[in-house]
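To be precise, the following lines are target-v7.cif, and they hold mmCIF, C-alpha atoms.
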```
data_input
loop_
_atom_site.group_PDB
_atom_site.id
_atom_site.type_symbol
_atom_site.label_atom_id
_atom_site.label_comp_id
_atom_site.auth_asym_id
_atom_site.auth_seq_id
_atom_site.Cartn_x
_atom_site.Cartn_y
_atom_site.Cartn_z
ATOM 1 C CA GLY A 1 -93.310 33.615 -35.926
ATOM 2 C CA THR A 2 -90.023 35.501 -36.223
ATOM 3 C CA PRO A 3 -90.311 37.664 -33.073
ATOM 4 C CA ASN A 4 -90.834 34.479 -31.058
ATOM 5 C CA VAL A 5 -87.926 32.484 -32.536
ATOM 6 C CA SER A 6 -84.213 33.228 -32.671
ATOM 7 C CA THR A 7 -81.130 31.459 -33.932
ATOM 8 C CA ALA A 8 -78.858 34.472 -33.316
ATOM 9 C CA MET A 9 -75.654 33.404 -31.582
ATOM 10 C CA ALA A 10 -75.893 36.122 -28.906
ATOM 11 C CA VAL A 11 -79.401 34.997 -27.949
ATOM 12 C CA ARG A 12 -78.415 31.321 -27.997
ATOM 13 C CA GLU A 13 -75.389 32.013 -25.773
ATOM 14 C CA GLN A 14 -77.540 33.998 -23.329
ATOM 15 C CA HIS A 15 -79.810 30.949 -23.033
ATOM 16 C CA GLY A 16 -76.956 28.418 -22.904
ATOM 17 C CA HIS A 17 -75.768 29.105 -19.349
ATOM 18 C CA ASP A 18 -76.969 30.038 -15.901
ATOM 19 C CA GLU A 19 -75.223 31.219 -12.729
ATOM 20 C CA SER A 20 -73.398 27.906 -12.331
ATOM 21 C CA MET A 21 -69.735 27.224 -13.022
ATOM 22 C CA HIS A 22 -70.574 25.225 -16.157
ATOM 23 C CA VAL A 23 -69.312 26.367 -19.542
ATOM 24 C CA CYS A 24 -71.931 27.806 -21.917
ATOM 25 C CA ALA A 25 -73.632 25.179 -24.093
ATOM 26 C CA PRO A 26 -76.040 27.098 -26.353
ATOM 27 C CA PRO A 27 -79.176 25.574 -27.892
ATOM 28 C CA ASP A 28 -79.684 25.504 -31.660
ATOM 29 C CA ALA A 29 -82.682 27.851 -31.384
ATOM 30 C CA VAL A 30 -84.660 29.783 -28.770
ATOM 31 C CA VAL A 31 -88.451 30.079 -28.808
ATOM 32 C CA TRP A 32 -90.743 32.229 -26.665
ATOM 33 C CA PRO A 33 -94.147 30.540 -26.360
ATOM 34 C CA HIS A 34 -97.028 32.633 -25.026
ATOM 35 C CA ALA A 35 -99.550 29.899 -24.215
ATOM 36 C CA VAL A 36 -99.764 26.289 -23.069
ATOM 37 C CA GLY A 37 -101.021 25.204 -26.494
ATOM 38 C CA GLN A 38 -97.890 26.586 -28.139
ATOM 39 C CA VAL A 39 -95.690 24.700 -25.668
ATOM 40 C CA GLN A 40 -97.631 21.512 -26.433
ATOM 41 C CA GLU A 41 -97.245 21.964 -30.203
ATOM 42 C CA LEU A 42 -93.525 22.726 -29.928
ATOM 43 C CA ALA A 43 -92.971 19.771 -27.588
ATOM 44 C CA ALA A 44 -94.815 17.462 -29.992
ATOM 45 C CA LEU A 45 -92.595 18.619 -32.866
ATOM 46 C CA CYS A 46 -89.438 18.181 -30.819
ATOM 47 C CA TYR A 47 -90.563 14.715 -29.755
ATOM 48 C CA ARG A 48 -91.456 13.699 -33.317
ATOM 49 C CA TYR A 49 -88.050 14.777 -34.646
ATOM 50 C CA ARG A 50 -86.088 13.710 -31.545
ATOM 51 C CA VAL A 51 -84.863 17.249 -30.810
ATOM 52 C CA PRO A 52 -83.860 17.982 -27.194
ATOM 53 C CA MET A 53 -85.986 20.534 -25.314
ATOM 54 C CA VAL A 54 -84.432 22.825 -22.711
ATOM 55 C CA PRO A 55 -86.676 25.008 -20.512
ATOM 56 C CA PHE A 56 -85.403 28.472 -19.580
ATOM 57 C CA GLY A 57 -86.726 30.920 -17.013
ATOM 58 C CA THR A 58 -84.347 33.718 -16.091
ATOM 59 C CA GLY A 59 -81.020 31.887 -16.047
ATOM 60 C CA THR A 60 -80.572 32.223 -12.286
ATOM 61 C CA GLY A 61 -80.167 28.484 -11.652
ATOM 62 C CA LEU A 62 -77.057 27.117 -10.012
ATOM 63 C CA GLU A 63 -77.074 23.600 -11.497
ATOM 64 C CA GLY A 64 -76.382 24.077 -15.232
ATOM 65 C CA GLY A 65 -79.879 22.868 -16.100
ATOM 66 C CA VAL A 66 -80.237 25.301 -19.010
ATOM 67 C CA ASN A 67 -77.032 24.161 -20.703
ATOM 68 C CA ALA A 68 -78.029 22.550 -24.006
ATOM 69 C CA VAL A 69 -75.244 19.959 -23.983
ATOM 70 C CA GLN A 70 -76.876 18.131 -26.913
ATOM 71 C CA GLY A 71 -78.185 21.219 -28.703
ATOM 72 C CA GLY A 72 -81.903 21.414 -29.264
ATOM 73 C CA VAL A 73 -84.567 24.051 -28.727
ATOM 74 C CA CYS A 74 -84.654 26.298 -25.691
ATOM 75 C CA PHE A 75 -88.170 27.134 -24.478
ATOM 76 C CA ASP A 76 -87.907 30.582 -22.856
ATOM 77 C CA LEU A 77 -91.035 30.691 -20.685
ATOM 78 C CA SER A 78 -90.704 34.319 -19.576
ATOM 79 C CA HIS A 79 -93.718 35.440 -21.663
ATOM 80 C CA MET A 80 -95.983 32.984 -19.839
ATOM 81 C CA ASP A 81 -96.341 35.188 -16.779
ATOM 82 C CA ALA A 82 -100.017 35.195 -15.841
ATOM 83 C CA ILE A 83 -101.295 34.624 -12.333
ATOM 84 C CA MET A 84 -104.297 32.430 -13.012
ATOM 85 C CA GLU A 85 -106.108 31.868 -9.736
ATOM 86 C CA LEU A 86 -105.717 32.674 -6.040
ATOM 87 C CA SER A 87 -107.547 30.786 -3.304
ATOM 88 C CA LEU A 88 -107.165 32.402 0.093
ATOM 89 C CA GLU A 89 -109.184 29.581 1.663
ATOM 90 C CA ASP A 90 -106.619 26.878 0.881
ATOM 91 C CA PHE A 91 -103.537 29.114 0.553
ATOM 92 C CA SER A 92 -102.918 28.211 -3.086
ATOM 93 C CA VAL A 93 -102.209 30.115 -6.248
ATOM 94 C CA SER A 94 -102.028 28.887 -9.845
ATOM 95 C CA VAL A 95 -99.410 30.601 -11.983
ATOM 96 C CA GLU A 96 -97.790 30.191 -15.355
ATOM 97 C CA PRO A 97 -94.080 29.247 -15.258
ATOM 98 C CA GLY A 98 -92.806 32.733 -16.168
ATOM 99 C CA VAL A 99 -94.199 34.447 -13.069
ATOM 100 C CA THR A 100 -91.310 35.801 -11.013
ATOM 101 C CA ARG A 101 -91.167 35.574 -7.253
ATOM 102 C CA LYS A 102 -91.212 39.382 -7.077
ATOM 103 C CA ALA A 103 -94.338 39.619 -9.269
ATOM 104 C CA LEU A 104 -96.109 36.929 -7.244
ATOM 105 C CA ASN A 105 -95.328 38.626 -3.954
ATOM 106 C CA SER A 106 -96.521 41.969 -5.336
ATOM 107 C CA TYR A 107 -99.777 40.272 -6.347
ATOM 108 C CA LEU A 108 -100.114 38.674 -2.903
ATOM 109 C CA ARG A 109 -99.380 41.914 -1.024
ATOM 110 C CA GLY A 110 -102.305 42.739 1.241
ATOM 111 C CA THR A 111 -103.589 39.157 1.448
ATOM 112 C CA GLY A 112 -101.393 38.049 4.344
ATOM 113 C CA LEU A 113 -99.665 35.511 2.086
ATOM 114 C CA TRP A 114 -96.238 35.529 0.471
ATOM 115 C CA PHE A 115 -93.929 33.212 -1.470
ATOM 116 C CA PRO A 116 -90.742 32.998 0.620
ATOM 117 C CA VAL A 117 -88.866 30.517 -1.543
ATOM 118 C CA GLY A 118 -85.780 31.661 -3.377
ATOM 119 C CA THR A 119 -82.070 31.148 -3.571
ATOM 120 C CA VAL A 120 -80.701 33.745 -5.974
ATOM 121 C CA GLY A 121 -82.814 36.868 -6.253
ATOM 122 C CA THR A 122 -86.202 38.410 -6.837
ATOM 123 C CA GLY A 123 -86.052 37.800 -10.590
ATOM 124 C CA GLU A 124 -86.177 34.039 -10.381
ATOM 125 C CA GLN A 125 -89.320 32.439 -11.692
ATOM 126 C CA THR A 126 -91.696 30.358 -9.626
ATOM 127 C CA GLY A 127 -91.482 27.542 -12.182
ATOM 128 C CA GLY A 128 -87.739 27.228 -11.598
ATOM 129 C CA CYS A 129 -88.171 27.328 -7.823
ATOM 130 C CA LEU A 130 -90.592 24.419 -8.045
ATOM 131 C CA GLY A 131 -88.809 22.546 -10.823
ATOM 132 C CA TRP A 132 -85.477 22.500 -9.009
ATOM 133 C CA GLY A 133 -86.899 21.684 -5.580
ATOM 134 C CA GLY A 134 -86.607 25.134 -4.033
ATOM 135 C CA GLY A 135 -88.427 25.468 -0.749
ATOM 136 C CA THR A 136 -88.847 21.812 0.074
ATOM 137 C CA GLY A 137 -91.137 21.699 3.074
ATOM 138 C CA VAL A 138 -92.672 25.078 2.207
ATOM 139 C CA LEU A 139 -94.461 24.137 -1.014
ATOM 140 C CA GLY A 140 -97.065 21.500 -1.603
ATOM 141 C CA VAL A 141 -96.732 20.311 -5.181
#
```
Kindly present the structure from the file in structure tokens form.
Amino acid sequence: GTPNVSTAMAVREQHGHDESMHVCAPPDAVVWPHAVGQVQELAALCYRYRVPMVPFGTGTGLEGGVNAVQGGVCFDLSHMDAIMELSLEDFSVSVEPGVTRKALNSYLRGTGLWFPVGTVGTGEQTGGCLGWGGGTGVLGV
């Protein structure tokens, strides 16, 4: 619906760059899915119509990965921020991609565990840390 989709230029420009040196390349639209099923449906539509998909977390990347150089739809995953499961026995936690490092560490406080990976700040999302190889040697994927 409308609150979960935007084609406003200001929103598109916000999602068309990160902290890298690359020039802004905005997507054609930005969507905010709230569940895995919505991501699957949107991805299927993009695939069917050959529309590029660009994932977006918080825009703290340093590689230009959010730049929509061929246009397309930006999937802002910030609303998918649930911590699904914690297993203290095997030191693992299942999270949605919008969970920030700060939120995860707040959740883990008192367990003896923490998520030390990060390059930019506390607002970066765990999905971006994993997706861009942050913490190699610390994380088992």
A:Leu77, A:Asn105, A:Ala29, A:Val23 ranked by distance to Ala10 in chain A, top pick (using all atoms listed in the file):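 Among A:Leu77, A:Asn105, A:Ala29, A:Val23, it is A:Ala29 that comes nearest to Ala10 in chain A.
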Near Ser87 in chain A, within 12 Å and counting only C-alpha atoms, which residues show up once chain neighbours fewer than 4 positions away are dropped, as a short mmCIF file (atom, residue, chain, number, x, y, z; two decimals) with C-alpha atoms, in the coordinates of the input?
```
data_model
loop_
_atom_site.label_atom_id
_atom_site.label_comp_id
_atom_site.auth_asym_id
_atom_site.auth_seq_id
_atom_site.Cartn_x
_atom_site.Cartn_y
_atom_site.Cartn_z
CA ILE A 83 -101.30 34.62 -12.33
CA PHE A 91 -103.54 29.11 0.55
CA SER A 92 -102.92 28.21 -3.09
CA VAL A 93 -102.21 30.12 -6.25
CA SER A 94 -102.03 28.89 -9.85
CA VAL A 95 -99.41 30.60 -11.98
CA LEU A 108 -100.11 38.67 -2.90
CA THR A 111 -103.59 39.16 1.45
CA LEU A 113 -99.66 35.51 2.09
#
```
For CA of Pro116 in chain A and CA of His22 in chain A, quote the distance in Å rounded to one decimal. 27.4 Å
Residue nearest Met21 in chain A among A:Gly37, A:Gly65, A:Pro3, A:Gly98 (counting all atoms listed in the file): A:Gly65
Let me know the centre plus edge lengths, in Å and rounded to one decimal, of a box with edges along x, y and z that contains all listed atoms of range 87-99 of chain A and is padded by 5 Å on every side, as lines of an AutoDock Vina configuration file.
```
center_x = -101.0
center_y = 30.7
center_z = -7.3
size_x = 26.4
size_y = 17.6
size_z = 27.8
```
Let me know the residues the PyMOL selection byres ((chain A and resi 42) around 12) catches in the file above, as a short mmCIF file (atom, residue, chain, number, x, y, z; two decimals) with C-alpha atoms, in the coordinates of the input.
```
data_model
loop_
_atom_site.label_atom_id
_atom_site.label_comp_id
_atom_site.auth_asym_id
_atom_site.auth_seq_id
_atom_site.Cartn_x
_atom_site.Cartn_y
_atom_site.Cartn_z
CA VAL A 5 -87.93 32.48 -32.54
CA VAL A 30 -84.66 29.78 -28.77
CA VAL A 31 -88.45 30.08 -28.81
CA TRP A 32 -90.74 32.23 -26.66
CA PRO A 33 -94.15 30.54 -26.36
CA HIS A 34 -97.03 32.63 -25.03
CA ALA A 35 -99.55 29.90 -24.22
CA VAL A 36 -99.76 26.29 -23.07
CA GLY A 37 -101.02 25.20 -26.49
CA GLN A 38 -97.89 26.59 -28.14
CA VAL A 39 -95.69 24.70 -25.67
CA GLN A 40 -97.63 21.51 -26.43
CA GLU A 41 -97.24 21.96 -30.20
CA ALA A 43 -92.97 19.77 -27.59
CA ALA A 44 -94.82 17.46 -29.99
CA LEU A 45 -92.60 18.62 -32.87
CA CYS A 46 -89.44 18.18 -30.82
CA TYR A 47 -90.56 14.72 -29.76
CA ARG A 48 -91.46 13.70 -33.32
CA TYR A 49 -88.05 14.78 -34.65
CA ARG A 50 -86.09 13.71 -31.54
CA VAL A 51 -84.86 17.25 -30.81
CA PRO A 52 -83.86 17.98 -27.19
CA MET A 53 -85.99 20.53 -25.31
CA VAL A 54 -84.43 22.82 -22.71
CA PRO A 55 -86.68 25.01 -20.51
CA GLY A 72 -81.90 21.41 -29.26
CA VAL A 73 -84.57 24.05 -28.73
CA CYS A 74 -84.65 26.30 -25.69
CA PHE A 75 -88.17 27.13 -24.48
CA ASP A 76 -87.91 30.58 -22.86
#
```
For Val69 in chain A, list every protein, DNA or RNA residue within 8 Å, evaluated using all atoms listed in the file, and leave out those in the same chain fewer than 4 positions away; present the list as a PyMOL selection string. chain A and resi 25-27
I need the residue nearest Glu85 in chain A from this list: A:Gly71, A:Val11, A:Tyr107, A:Glu19. Use all atoms listed in the file for the distance.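 Of all the options, A:Tyr107 lies closest to Glu85 in chain A.
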Hey, can you check how far CA of Asp28 in chain A sits from CA of Met80 in chain A?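 Distance reported for this atom pair: 21.5 Å.
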Do you have the CA of Asn67 in chain A-CA of Val99 in chain A distance handy?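 Atom-to-atom, CA of Asn67 in chain A to CA of Val99 in chain A, that is 21.4 Å.
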